[in-house]
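Structure data follow from data-v7.cif (mmCIF, N, CA and C atoms and all ligand atoms):
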data_query
#
loop_
_atom_site.label_atom_id
_atom_site.label_comp_id
_atom_site.auth_asym_id
_atom_site.auth_seq_id
_atom_site.Cartn_x
_atom_site.Cartn_y
_atom_site.Cartn_z
N MET A 132 116.46 92.37 104.45
CA MET A 132 116.83 91.43 103.41
C MET A 132 118.31 91.12 103.52
N GLY A 133 118.63 89.95 103.97
CA GLY A 133 120.02 89.60 104.18
C GLY A 133 120.60 88.84 103.03
N SER A 134 121.74 88.24 103.27
CA SER A 134 122.36 87.47 102.21
C SER A 134 122.36 86.01 102.61
N HIS A 135 121.19 85.49 102.92
CA HIS A 135 121.07 84.08 103.25
C HIS A 135 121.40 83.26 102.02
N SER A 136 121.88 82.05 102.28
CA SER A 136 122.09 81.18 101.13
C SER A 136 121.44 79.84 101.42
N LEU A 137 121.27 79.12 100.35
CA LEU A 137 120.58 77.85 100.40
C LEU A 137 121.62 76.80 100.01
N ASP A 138 121.85 75.82 100.87
CA ASP A 138 122.83 74.82 100.43
C ASP A 138 122.18 73.83 99.47
N THR A 139 123.04 73.01 98.86
CA THR A 139 122.56 72.14 97.78
C THR A 139 121.44 71.21 98.25
N ASN A 140 121.56 70.69 99.45
CA ASN A 140 120.52 69.79 99.96
C ASN A 140 119.19 70.50 100.16
N GLU A 141 119.25 71.69 100.72
CA GLU A 141 118.02 72.47 100.92
C GLU A 141 117.38 72.82 99.58
N ALA A 142 118.22 73.19 98.62
CA ALA A 142 117.71 73.54 97.30
C ALA A 142 117.03 72.32 96.66
N ARG A 143 117.71 71.19 96.76
CA ARG A 143 117.17 69.95 96.19
C ARG A 143 115.81 69.62 96.81
N GLN A 144 115.73 69.79 98.12
CA GLN A 144 114.50 69.47 98.83
C GLN A 144 113.35 70.39 98.41
N LEU A 145 113.65 71.69 98.33
CA LEU A 145 112.61 72.65 97.91
C LEU A 145 112.07 72.31 96.53
N ILE A 146 112.98 71.96 95.63
CA ILE A 146 112.55 71.64 94.26
C ILE A 146 111.71 70.37 94.25
N ARG A 147 112.16 69.37 94.98
CA ARG A 147 111.41 68.10 95.02
C ARG A 147 110.04 68.26 95.62
N GLU A 148 109.93 69.17 96.61
CA GLU A 148 108.62 69.40 97.23
C GLU A 148 107.59 69.90 96.22
N THR A 149 108.05 70.54 95.15
CA THR A 149 107.11 71.02 94.14
C THR A 149 106.77 69.93 93.13
N GLY A 150 107.43 68.79 93.24
CA GLY A 150 107.18 67.71 92.29
C GLY A 150 108.12 67.71 91.10
N LEU A 151 109.02 68.69 91.04
CA LEU A 151 109.98 68.73 89.94
C LEU A 151 111.20 67.89 90.29
N ARG A 152 111.91 67.49 89.25
CA ARG A 152 113.17 66.80 89.46
C ARG A 152 114.25 67.83 89.79
N ALA A 153 115.09 67.51 90.77
CA ALA A 153 116.13 68.46 91.18
C ALA A 153 117.36 68.30 90.31
N THR A 154 117.32 68.90 89.13
CA THR A 154 118.47 68.82 88.22
C THR A 154 119.53 69.83 88.67
N PRO A 155 120.79 69.61 88.27
CA PRO A 155 121.84 70.57 88.66
C PRO A 155 121.52 72.00 88.22
N ALA A 156 120.94 72.17 87.03
CA ALA A 156 120.63 73.52 86.56
C ALA A 156 119.57 74.17 87.46
N ARG A 157 118.54 73.41 87.81
CA ARG A 157 117.50 73.97 88.67
C ARG A 157 118.07 74.32 90.04
N ILE A 158 118.94 73.46 90.55
CA ILE A 158 119.52 73.73 91.87
C ILE A 158 120.34 75.02 91.84
N SER A 159 121.18 75.18 90.82
CA SER A 159 122.00 76.40 90.83
C SER A 159 121.17 77.65 90.57
N VAL A 160 120.15 77.56 89.72
CA VAL A 160 119.27 78.71 89.49
C VAL A 160 118.57 79.09 90.80
N LEU A 161 118.05 78.10 91.51
CA LEU A 161 117.36 78.36 92.77
C LEU A 161 118.30 79.00 93.79
N GLN A 162 119.53 78.51 93.85
CA GLN A 162 120.47 79.07 94.83
C GLN A 162 120.77 80.55 94.54
N VAL A 163 120.91 80.88 93.26
CA VAL A 163 121.21 82.28 92.92
C VAL A 163 120.00 83.17 93.24
N ILE A 164 118.81 82.74 92.82
CA ILE A 164 117.61 83.56 93.07
C ILE A 164 117.41 83.72 94.58
N PHE A 165 117.61 82.66 95.31
CA PHE A 165 117.39 82.71 96.75
C PHE A 165 118.33 83.71 97.43
N ALA A 166 119.56 83.73 96.97
CA ALA A 166 120.59 84.54 97.63
C ALA A 166 120.54 86.01 97.21
N THR A 167 119.68 86.33 96.24
CA THR A 167 119.66 87.69 95.71
C THR A 167 118.41 88.41 96.19
N ALA A 168 118.58 89.58 96.77
CA ALA A 168 117.46 90.29 97.39
C ALA A 168 116.70 91.18 96.40
N ARG A 169 116.85 90.90 95.12
CA ARG A 169 116.07 91.64 94.12
C ARG A 169 115.77 90.68 92.97
N PRO A 170 114.77 91.00 92.17
CA PRO A 170 114.46 90.13 91.04
C PRO A 170 115.58 90.13 90.00
N LEU A 171 115.82 88.99 89.40
CA LEU A 171 116.88 88.86 88.40
C LEU A 171 116.31 88.51 87.04
N THR A 172 116.95 88.99 85.99
CA THR A 172 116.55 88.63 84.64
C THR A 172 117.26 87.34 84.23
N HIS A 173 116.74 86.74 83.17
CA HIS A 173 117.38 85.56 82.61
C HIS A 173 118.84 85.86 82.26
N ALA A 174 119.07 87.03 81.65
CA ALA A 174 120.44 87.38 81.24
C ALA A 174 121.38 87.47 82.43
N GLU A 175 120.88 88.04 83.54
CA GLU A 175 121.72 88.14 84.72
C GLU A 175 122.07 86.75 85.27
N LEU A 176 121.09 85.85 85.22
CA LEU A 176 121.35 84.50 85.70
C LEU A 176 122.35 83.78 84.81
N VAL A 177 122.21 83.95 83.51
CA VAL A 177 123.15 83.32 82.58
C VAL A 177 124.56 83.80 82.89
N GLU A 178 124.68 85.11 83.15
CA GLU A 178 125.98 85.67 83.46
C GLU A 178 126.54 85.07 84.75
N GLN A 179 125.70 85.00 85.78
CA GLN A 179 126.17 84.49 87.07
C GLN A 179 126.50 83.01 87.02
N LEU A 180 125.81 82.28 86.13
CA LEU A 180 125.99 80.83 86.11
C LEU A 180 126.86 80.38 84.94
N SER A 181 127.55 81.33 84.32
CA SER A 181 128.29 80.98 83.11
C SER A 181 129.36 79.92 83.39
N SER A 182 129.87 79.87 84.60
CA SER A 182 130.93 78.90 84.89
C SER A 182 130.36 77.54 85.31
N SER A 183 129.03 77.47 85.50
CA SER A 183 128.46 76.22 86.03
C SER A 183 128.19 75.18 84.96
N GLY A 184 128.35 75.57 83.70
CA GLY A 184 128.13 74.62 82.62
C GLY A 184 126.71 74.56 82.12
N SER A 185 125.80 75.37 82.68
CA SER A 185 124.43 75.40 82.18
C SER A 185 124.32 76.44 81.07
N ASP A 186 123.74 76.05 79.94
CA ASP A 186 123.62 77.04 78.88
C ASP A 186 122.35 77.86 79.06
N ALA A 187 122.24 78.92 78.23
CA ALA A 187 121.16 79.89 78.40
C ALA A 187 119.78 79.25 78.31
N SER A 188 119.61 78.30 77.40
CA SER A 188 118.26 77.75 77.24
C SER A 188 117.91 76.80 78.39
N THR A 189 118.91 76.10 78.92
CA THR A 189 118.67 75.27 80.11
C THR A 189 118.25 76.14 81.29
N ILE A 190 118.94 77.26 81.44
CA ILE A 190 118.62 78.18 82.54
C ILE A 190 117.22 78.76 82.34
N PHE A 191 116.88 79.08 81.10
CA PHE A 191 115.56 79.62 80.81
C PHE A 191 114.46 78.62 81.18
N ARG A 192 114.68 77.36 80.79
CA ARG A 192 113.68 76.34 81.14
C ARG A 192 113.59 76.13 82.64
N ALA A 193 114.75 76.12 83.30
CA ALA A 193 114.76 75.94 84.76
C ALA A 193 113.97 77.06 85.44
N LEU A 194 114.18 78.30 84.98
CA LEU A 194 113.47 79.44 85.55
C LEU A 194 111.96 79.28 85.39
N ASN A 195 111.56 78.95 84.18
CA ASN A 195 110.12 78.90 83.93
C ASN A 195 109.46 77.69 84.57
N ASP A 196 110.18 76.57 84.62
CA ASP A 196 109.64 75.40 85.33
C ASP A 196 109.38 75.75 86.79
N MET A 197 110.35 76.42 87.39
CA MET A 197 110.22 76.72 88.81
C MET A 197 109.24 77.86 89.06
N ALA A 198 109.06 78.74 88.08
CA ALA A 198 108.02 79.77 88.21
C ALA A 198 106.64 79.12 88.13
N GLU A 199 106.49 78.16 87.21
CA GLU A 199 105.21 77.46 87.11
C GLU A 199 104.92 76.63 88.35
N ALA A 200 105.98 76.13 88.97
CA ALA A 200 105.81 75.35 90.20
C ALA A 200 105.65 76.26 91.42
N GLU A 201 105.62 77.56 91.16
CA GLU A 201 105.40 78.58 92.20
C GLU A 201 106.51 78.67 93.23
N LEU A 202 107.70 78.27 92.81
CA LEU A 202 108.87 78.56 93.65
C LEU A 202 109.29 80.01 93.45
N PHE A 203 109.14 80.48 92.20
CA PHE A 203 109.51 81.84 91.85
C PHE A 203 108.27 82.62 91.46
N ARG A 204 108.39 83.93 91.62
CA ARG A 204 107.40 84.82 91.09
C ARG A 204 108.03 85.49 89.87
N ARG A 205 107.26 85.60 88.81
CA ARG A 205 107.77 86.18 87.58
C ARG A 205 107.16 87.57 87.43
N LEU A 206 107.98 88.56 87.24
CA LEU A 206 107.47 89.93 87.16
C LEU A 206 107.72 90.52 85.79
N ASP A 207 106.75 91.28 85.33
CA ASP A 207 106.97 92.10 84.15
C ASP A 207 106.83 93.54 84.60
N LEU A 208 107.95 94.26 84.61
CA LEU A 208 107.92 95.63 85.12
C LEU A 208 107.76 96.62 83.98
N GLY A 209 107.17 96.17 82.89
CA GLY A 209 106.81 97.10 81.83
C GLY A 209 107.84 97.21 80.73
N ASP A 210 108.98 96.58 80.88
CA ASP A 210 109.99 96.67 79.81
C ASP A 210 110.09 95.36 79.02
N HIS A 211 109.09 94.50 79.19
CA HIS A 211 109.03 93.25 78.45
C HIS A 211 110.19 92.32 78.75
N VAL A 212 110.78 92.49 79.92
CA VAL A 212 111.82 91.57 80.36
C VAL A 212 111.29 90.87 81.60
N TRP A 213 111.24 89.55 81.56
CA TRP A 213 110.82 88.85 82.77
C TRP A 213 111.90 88.92 83.82
N ARG A 214 111.48 89.13 85.05
CA ARG A 214 112.40 89.05 86.18
C ARG A 214 111.83 88.05 87.17
N TYR A 215 112.71 87.40 87.88
CA TYR A 215 112.30 86.30 88.77
C TYR A 215 112.78 86.57 90.18
N GLU A 216 111.90 86.31 91.15
CA GLU A 216 112.31 86.36 92.54
C GLU A 216 111.61 85.22 93.28
N MET A 217 112.07 84.94 94.50
CA MET A 217 111.47 83.87 95.26
C MET A 217 110.00 84.20 95.56
N ALA A 218 109.15 83.19 95.48
CA ALA A 218 107.78 83.37 95.92
C ALA A 218 107.79 83.42 97.45
N ASN A 219 106.83 84.12 97.99
CA ASN A 219 106.83 84.43 99.42
C ASN A 219 107.03 83.22 100.33
N ARG A 220 106.28 82.17 100.10
CA ARG A 220 106.26 81.11 101.11
C ARG A 220 107.58 80.36 101.22
N HIS A 221 108.45 80.55 100.23
CA HIS A 221 109.75 79.89 100.31
C HIS A 221 110.84 80.84 100.72
N ASN A 222 110.48 82.08 100.91
CA ASN A 222 111.52 83.06 101.11
C ASN A 222 111.59 83.48 102.57
N HIS A 223 112.58 82.99 103.24
CA HIS A 223 112.67 83.24 104.67
C HIS A 223 113.28 84.59 104.96
N ASN A 224 114.03 85.12 104.02
CA ASN A 224 114.78 86.34 104.35
C ASN A 224 114.23 87.60 103.71
N ALA A 225 113.40 87.47 102.72
CA ALA A 225 113.08 88.69 101.97
C ALA A 225 111.68 89.21 102.26
N THR A 226 111.38 90.27 101.57
CA THR A 226 110.11 90.95 101.70
C THR A 226 108.96 90.04 101.27
N PRO A 227 107.86 90.03 102.00
CA PRO A 227 106.72 89.22 101.56
C PRO A 227 106.24 89.63 100.17
N THR A 228 105.72 88.69 99.44
CA THR A 228 105.17 89.02 98.13
C THR A 228 103.66 88.89 98.16
N PRO A 229 102.91 89.58 97.33
CA PRO A 229 103.44 90.56 96.38
C PRO A 229 103.83 91.85 97.09
N HIS A 230 104.83 92.48 96.53
CA HIS A 230 105.27 93.76 97.08
C HIS A 230 105.65 94.68 95.93
N PRO A 231 105.66 95.98 96.17
CA PRO A 231 106.01 96.90 95.10
C PRO A 231 107.51 96.86 94.79
N HIS A 232 107.86 97.31 93.63
CA HIS A 232 109.26 97.42 93.24
C HIS A 232 109.58 98.85 92.84
N PHE A 233 110.83 99.21 93.04
CA PHE A 233 111.31 100.52 92.62
C PHE A 233 112.32 100.32 91.50
N LEU A 234 112.11 100.99 90.40
CA LEU A 234 113.02 100.90 89.25
C LEU A 234 113.74 102.23 89.07
N CYS A 235 115.06 102.19 89.10
CA CYS A 235 115.83 103.40 88.83
C CYS A 235 115.95 103.57 87.32
N LEU A 236 115.47 104.71 86.83
CA LEU A 236 115.46 104.94 85.38
C LEU A 236 116.85 105.26 84.86
N ASP A 237 117.77 105.58 85.75
CA ASP A 237 119.13 105.91 85.31
C ASP A 237 120.00 104.68 85.18
N CYS A 238 119.99 103.82 86.18
CA CYS A 238 120.89 102.66 86.13
C CYS A 238 120.14 101.34 85.95
N GLY A 239 118.82 101.35 86.05
CA GLY A 239 118.06 100.13 85.84
C GLY A 239 118.00 99.22 87.05
N GLU A 240 118.57 99.63 88.15
CA GLU A 240 118.57 98.81 89.36
C GLU A 240 117.14 98.68 89.91
N ILE A 241 116.79 97.48 90.35
CA ILE A 241 115.46 97.25 90.91
C ILE A 241 115.57 96.92 92.38
N THR A 242 114.71 97.52 93.18
CA THR A 242 114.71 97.29 94.62
C THR A 242 113.34 96.77 95.05
N CYS A 243 113.32 95.75 95.89
CA CYS A 243 112.06 95.26 96.46
C CYS A 243 111.66 96.18 97.61
N LEU A 244 110.40 96.56 97.66
CA LEU A 244 109.91 97.44 98.72
C LEU A 244 108.97 96.70 99.64
N GLU A 245 108.74 97.27 100.80
CA GLU A 245 107.78 96.69 101.73
C GLU A 245 106.39 96.69 101.10
N PRO A 246 105.58 95.70 101.44
CA PRO A 246 104.23 95.65 100.87
C PRO A 246 103.39 96.84 101.31
N VAL A 247 102.56 97.30 100.42
CA VAL A 247 101.58 98.33 100.76
C VAL A 247 100.22 97.82 100.30
N ASP A 248 99.21 98.30 100.92
CA ASP A 248 97.86 97.91 100.55
C ASP A 248 97.29 99.01 99.67
N ILE A 249 97.18 98.76 98.41
CA ILE A 249 96.67 99.78 97.51
C ILE A 249 95.27 99.42 97.08
N ARG A 250 94.35 100.25 97.47
CA ARG A 250 92.96 100.01 97.11
C ARG A 250 92.34 101.31 96.65
N PRO A 251 91.30 101.20 95.87
CA PRO A 251 90.60 102.42 95.48
C PRO A 251 90.16 103.20 96.72
N LEU A 252 90.29 104.53 96.62
CA LEU A 252 89.97 105.35 97.79
C LEU A 252 88.47 105.51 97.98
N THR A 253 87.77 105.65 96.89
CA THR A 253 86.32 105.81 97.02
C THR A 253 85.62 104.85 96.08
N LYS A 254 84.53 104.32 96.53
CA LYS A 254 83.77 103.42 95.68
C LYS A 254 83.06 104.17 94.57
N GLU A 255 82.94 105.46 94.75
CA GLU A 255 82.19 106.26 93.78
C GLU A 255 83.00 106.52 92.52
N ASN A 256 84.31 106.36 92.62
CA ASN A 256 85.16 106.69 91.47
C ASN A 256 85.03 105.61 90.38
N ARG A 257 84.49 106.01 89.27
CA ARG A 257 84.23 105.04 88.20
C ARG A 257 85.49 104.41 87.64
N GLU A 258 86.51 105.21 87.48
CA GLU A 258 87.74 104.67 86.91
C GLU A 258 88.31 103.56 87.80
N LEU A 259 88.23 103.80 89.08
CA LEU A 259 88.80 102.81 90.00
C LEU A 259 88.02 101.50 89.97
N LYS A 260 86.77 101.59 89.63
CA LYS A 260 85.99 100.35 89.56
C LYS A 260 86.46 99.44 88.43
N LYS A 261 87.18 100.02 87.48
CA LYS A 261 87.69 99.20 86.38
C LYS A 261 88.88 98.36 86.80
N VAL A 262 89.47 98.70 87.93
CA VAL A 262 90.66 97.98 88.38
C VAL A 262 90.25 96.60 88.90
N GLY A 263 90.80 95.57 88.29
CA GLY A 263 90.52 94.22 88.75
C GLY A 263 91.58 93.79 89.74
N LYS A 264 92.38 92.83 89.35
CA LYS A 264 93.43 92.35 90.23
C LYS A 264 94.73 93.08 89.92
N VAL A 265 95.32 93.69 90.91
CA VAL A 265 96.60 94.36 90.71
C VAL A 265 97.71 93.32 90.87
N THR A 266 98.52 93.15 89.82
CA THR A 266 99.59 92.14 89.90
C THR A 266 100.96 92.76 90.14
N GLU A 267 101.12 94.01 89.81
CA GLU A 267 102.41 94.66 90.04
C GLU A 267 102.19 96.09 90.48
N VAL A 268 102.96 96.53 91.44
CA VAL A 268 103.03 97.95 91.78
C VAL A 268 104.47 98.37 91.53
N LEU A 269 104.64 99.34 90.65
CA LEU A 269 105.98 99.73 90.25
C LEU A 269 106.17 101.23 90.45
N LEU A 270 107.21 101.60 91.17
CA LEU A 270 107.57 102.99 91.33
C LEU A 270 108.84 103.22 90.52
N LYS A 271 108.90 104.40 89.89
CA LYS A 271 110.07 104.71 89.07
C LYS A 271 110.69 106.02 89.53
N GLY A 272 111.98 106.13 89.33
CA GLY A 272 112.65 107.37 89.69
C GLY A 272 114.14 107.20 89.63
N SER A 273 114.86 107.93 90.47
CA SER A 273 116.32 107.80 90.54
C SER A 273 116.68 107.19 91.88
N CYS A 274 117.56 106.20 91.86
CA CYS A 274 117.99 105.60 93.11
C CYS A 274 118.96 106.56 93.82
N ALA A 275 119.24 106.27 95.07
CA ALA A 275 120.10 107.17 95.87
C ALA A 275 121.47 107.36 95.21
N ASN A 276 122.01 106.28 94.66
CA ASN A 276 123.33 106.38 94.00
C ASN A 276 123.30 107.34 92.83
N CYS A 277 122.26 107.20 92.01
CA CYS A 277 122.20 108.03 90.81
C CYS A 277 121.90 109.48 91.15
N GLN A 278 121.16 109.69 92.23
CA GLN A 278 120.82 111.05 92.61
C GLN A 278 122.04 111.82 93.08
N ASP A 279 123.00 111.11 93.65
CA ASP A 279 124.18 111.77 94.20
C ASP A 279 125.09 112.33 93.12
N GLU A 280 124.95 111.78 91.92
CA GLU A 280 125.94 112.14 90.89
C GLU A 280 125.68 113.51 90.28
ZN ZN B 301 120.27 104.28 89.83
ZN ZN B 302 110.72 91.92 94.86
#
Is it possible to express this structure as C-alpha cells?
Ligand SMILES: [Zn+2]
Ligand SMILES: [Zn+2]
Amino acid sequence: MGSHSLDTNEARQLIRETGLRATPARISVLQVIFATARPLTHAELVEQLSSSGSDASTIFRALNDMAEAELFRRLDLGDHVWRYEMANRHNHNATPTPHPHFLCLDCGEITCLEPVDIRPLTKENRELKKVGKVTEVLLKGSCANCQDE
C-alpha cells in the first residue's frame, strides 16, 4: 500500500464515470480517500479538508454520494462510526476489497489487512449455517506501537 495520489483530472474523471457531477468537494474528498491506505471517518476528512472551504455537511454528502455510487466502501467496525475507503475496482494501490481490518483498542488506529477466505469449517455445524453474507471481518488487539509502550 503506497502513497499514490490522484490528480484533479483523474479524480474528476472517476467521479464522472459513476454519473455524479464532479464538484470541488467530491474531488477533494476522493483525493484524500484515495491517498490514504486506511479507512477514514467523516471527522478525519473534515479535519483534513478544513482549509479547502468545504463544510462538514458538504463533506458528509460527498462521502455518501460516492459510497452509493460505489466509489467508496463504507464500513461499520462496530463502534457506530462509518469509515470510508476506496472500493476495490478503483483502487490501484491498496488491498483488494473486501478485506479484514485490524483495530487497535489502545489508539484506535485501523489497518487494512490482506484478504482471507473465511468459510464455515464443517457443514454439520448448525451455528455456522446461520451465517449468511459476511460483510466485515474485524480483528482487535494492540498495534505494534502500542505494544512497545
Ligand atoms: Zn495502537
Ligand atoms: Zn481497508
**Asked** Hey, which residues come within 7 Å of ligand ZN 302 (chain B) if we count all atoms listed in the file? Could you give them as an MDAnalysis selection string?
**Response** chainID A and resid 168:170 216 226 230:232 242:244
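Nearest residue to ligand ZN 301 (chain B), choosing from A:Pro246, A:Gly263, A:Gly239, A:Pro155 and counting only C-alpha atoms and all ligand atoms: A:Gly239.
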In terms of the shortest atom-to-atom distance over only C-alpha atoms and all ligand atoms, which of A:Asp279, A:Lys264, A:Glu240, A:Lys271 is closest to ligand ZN 301 (chain B)?
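Selected residue with least distance to ligand ZN 301 (chain B): A:Glu240.
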Q: Find the spatial neighbours of A:Val268, counting only C-alpha atoms, within a cut-off of 9 Å - ignore same-chain residues fewer than 2 positions away - and output them as a PyMOL selection string.
A: chain A and resi 208+229-233+249+265-266+270
Could you please extract the residues within 6.5 Å of ligand ZN 301 (chain B), counting all atoms listed in the file, and hand them back as JSON, numbers by chain? {"A": [235, 236, 237, 238, 239, 240, 273, 274, 275, 276, 277, 278]}
Given the selection you just returned, output its residues as a file containing N, CA and C atoms, formatted as a PDB file, keeping the file's coordinate frame.
ATOM      1  N   CYS A 235     115.060 102.190  89.100  1.00  0.00           N
ATOM      2  CA  CYS A 235     115.830 103.400  88.830  1.00  0.00           C
ATOM      3  C   CYS A 235     115.950 103.570  87.320  1.00  0.00           C
ATOM      4  N   LEU A 236     115.470 104.710  86.830  1.00  0.00           N
ATOM      5  CA  LEU A 236     115.460 104.940  85.380  1.00  0.00           C
ATOM      6  C   LEU A 236     116.850 105.260  84.860  1.00  0.00           C
ATOM      7  N   ASP A 237     117.770 105.580  85.750  1.00  0.00           N
ATOM      8  CA  ASP A 237     119.130 105.910  85.310  1.00  0.00           C
ATOM      9  C   ASP A 237     120.000 104.680  85.180  1.00  0.00           C
ATOM     10  N   CYS A 238     119.990 103.820  86.180  1.00  0.00           N
ATOM     11  CA  CYS A 238     120.890 102.660  86.130  1.00  0.00           C
ATOM     12  C   CYS A 238     120.140 101.340  85.950  1.00  0.00           C
ATOM     13  N   GLY A 239     118.820 101.350  86.050  1.00  0.00           N
ATOM     14  CA  GLY A 239     118.060 100.130  85.840  1.00  0.00           C
ATOM     15  C   GLY A 239     118.000  99.220  87.050  1.00  0.00           C
ATOM     16  N   GLU A 240     118.570  99.630  88.150  1.00  0.00           N
ATOM     17  CA  GLU A 240     118.570  98.810  89.360  1.00  0.00           C
ATOM     18  C   GLU A 240     117.140  98.680  89.910  1.00  0.00           C
ATOM     19  N   SER A 273     114.860 107.930  90.470  1.00  0.00           N
ATOM     20  CA  SER A 273     116.320 107.800  90.540  1.00  0.00           C
ATOM     21  C   SER A 273     116.680 107.190  91.880  1.00  0.00           C
ATOM     22  N   CYS A 274     117.560 106.200  91.860  1.00  0.00           N
ATOM     23  CA  CYS A 274     117.990 105.600  93.110  1.00  0.00           C
ATOM     24  C   CYS A 274     118.960 106.560  93.820  1.00  0.00           C
ATOM     25  N   ALA A 275     119.240 106.270  95.070  1.00  0.00           N
ATOM     26  CA  ALA A 275     120.100 107.170  95.870  1.00  0.00           C
ATOM     27  C   ALA A 275     121.470 107.360  95.210  1.00  0.00           C
ATOM     28  N   ASN A 276     122.010 106.280  94.660  1.00  0.00           N
ATOM     29  CA  ASN A 276     123.330 106.380  94.000  1.00  0.00           C
ATOM     30  C   ASN A 276     123.300 107.340  92.830  1.00  0.00           C
ATOM     31  N   CYS A 277     122.260 107.200  92.010  1.00  0.00           N
ATOM     32  CA  CYS A 277     122.200 108.030  90.810  1.00  0.00           C
ATOM     33  C   CYS A 277     121.900 109.480  91.150  1.00  0.00           C
ATOM     34  N   GLN A 278     121.160 109.690  92.230  1.00  0.00           N
ATOM     35  CA  GLN A 278     120.820 111.050  92.610  1.00  0.00           C
ATOM     36  C   GLN A 278     122.040 111.820  93.080  1.00  0.00           C
TER      37      GLN A 278
END
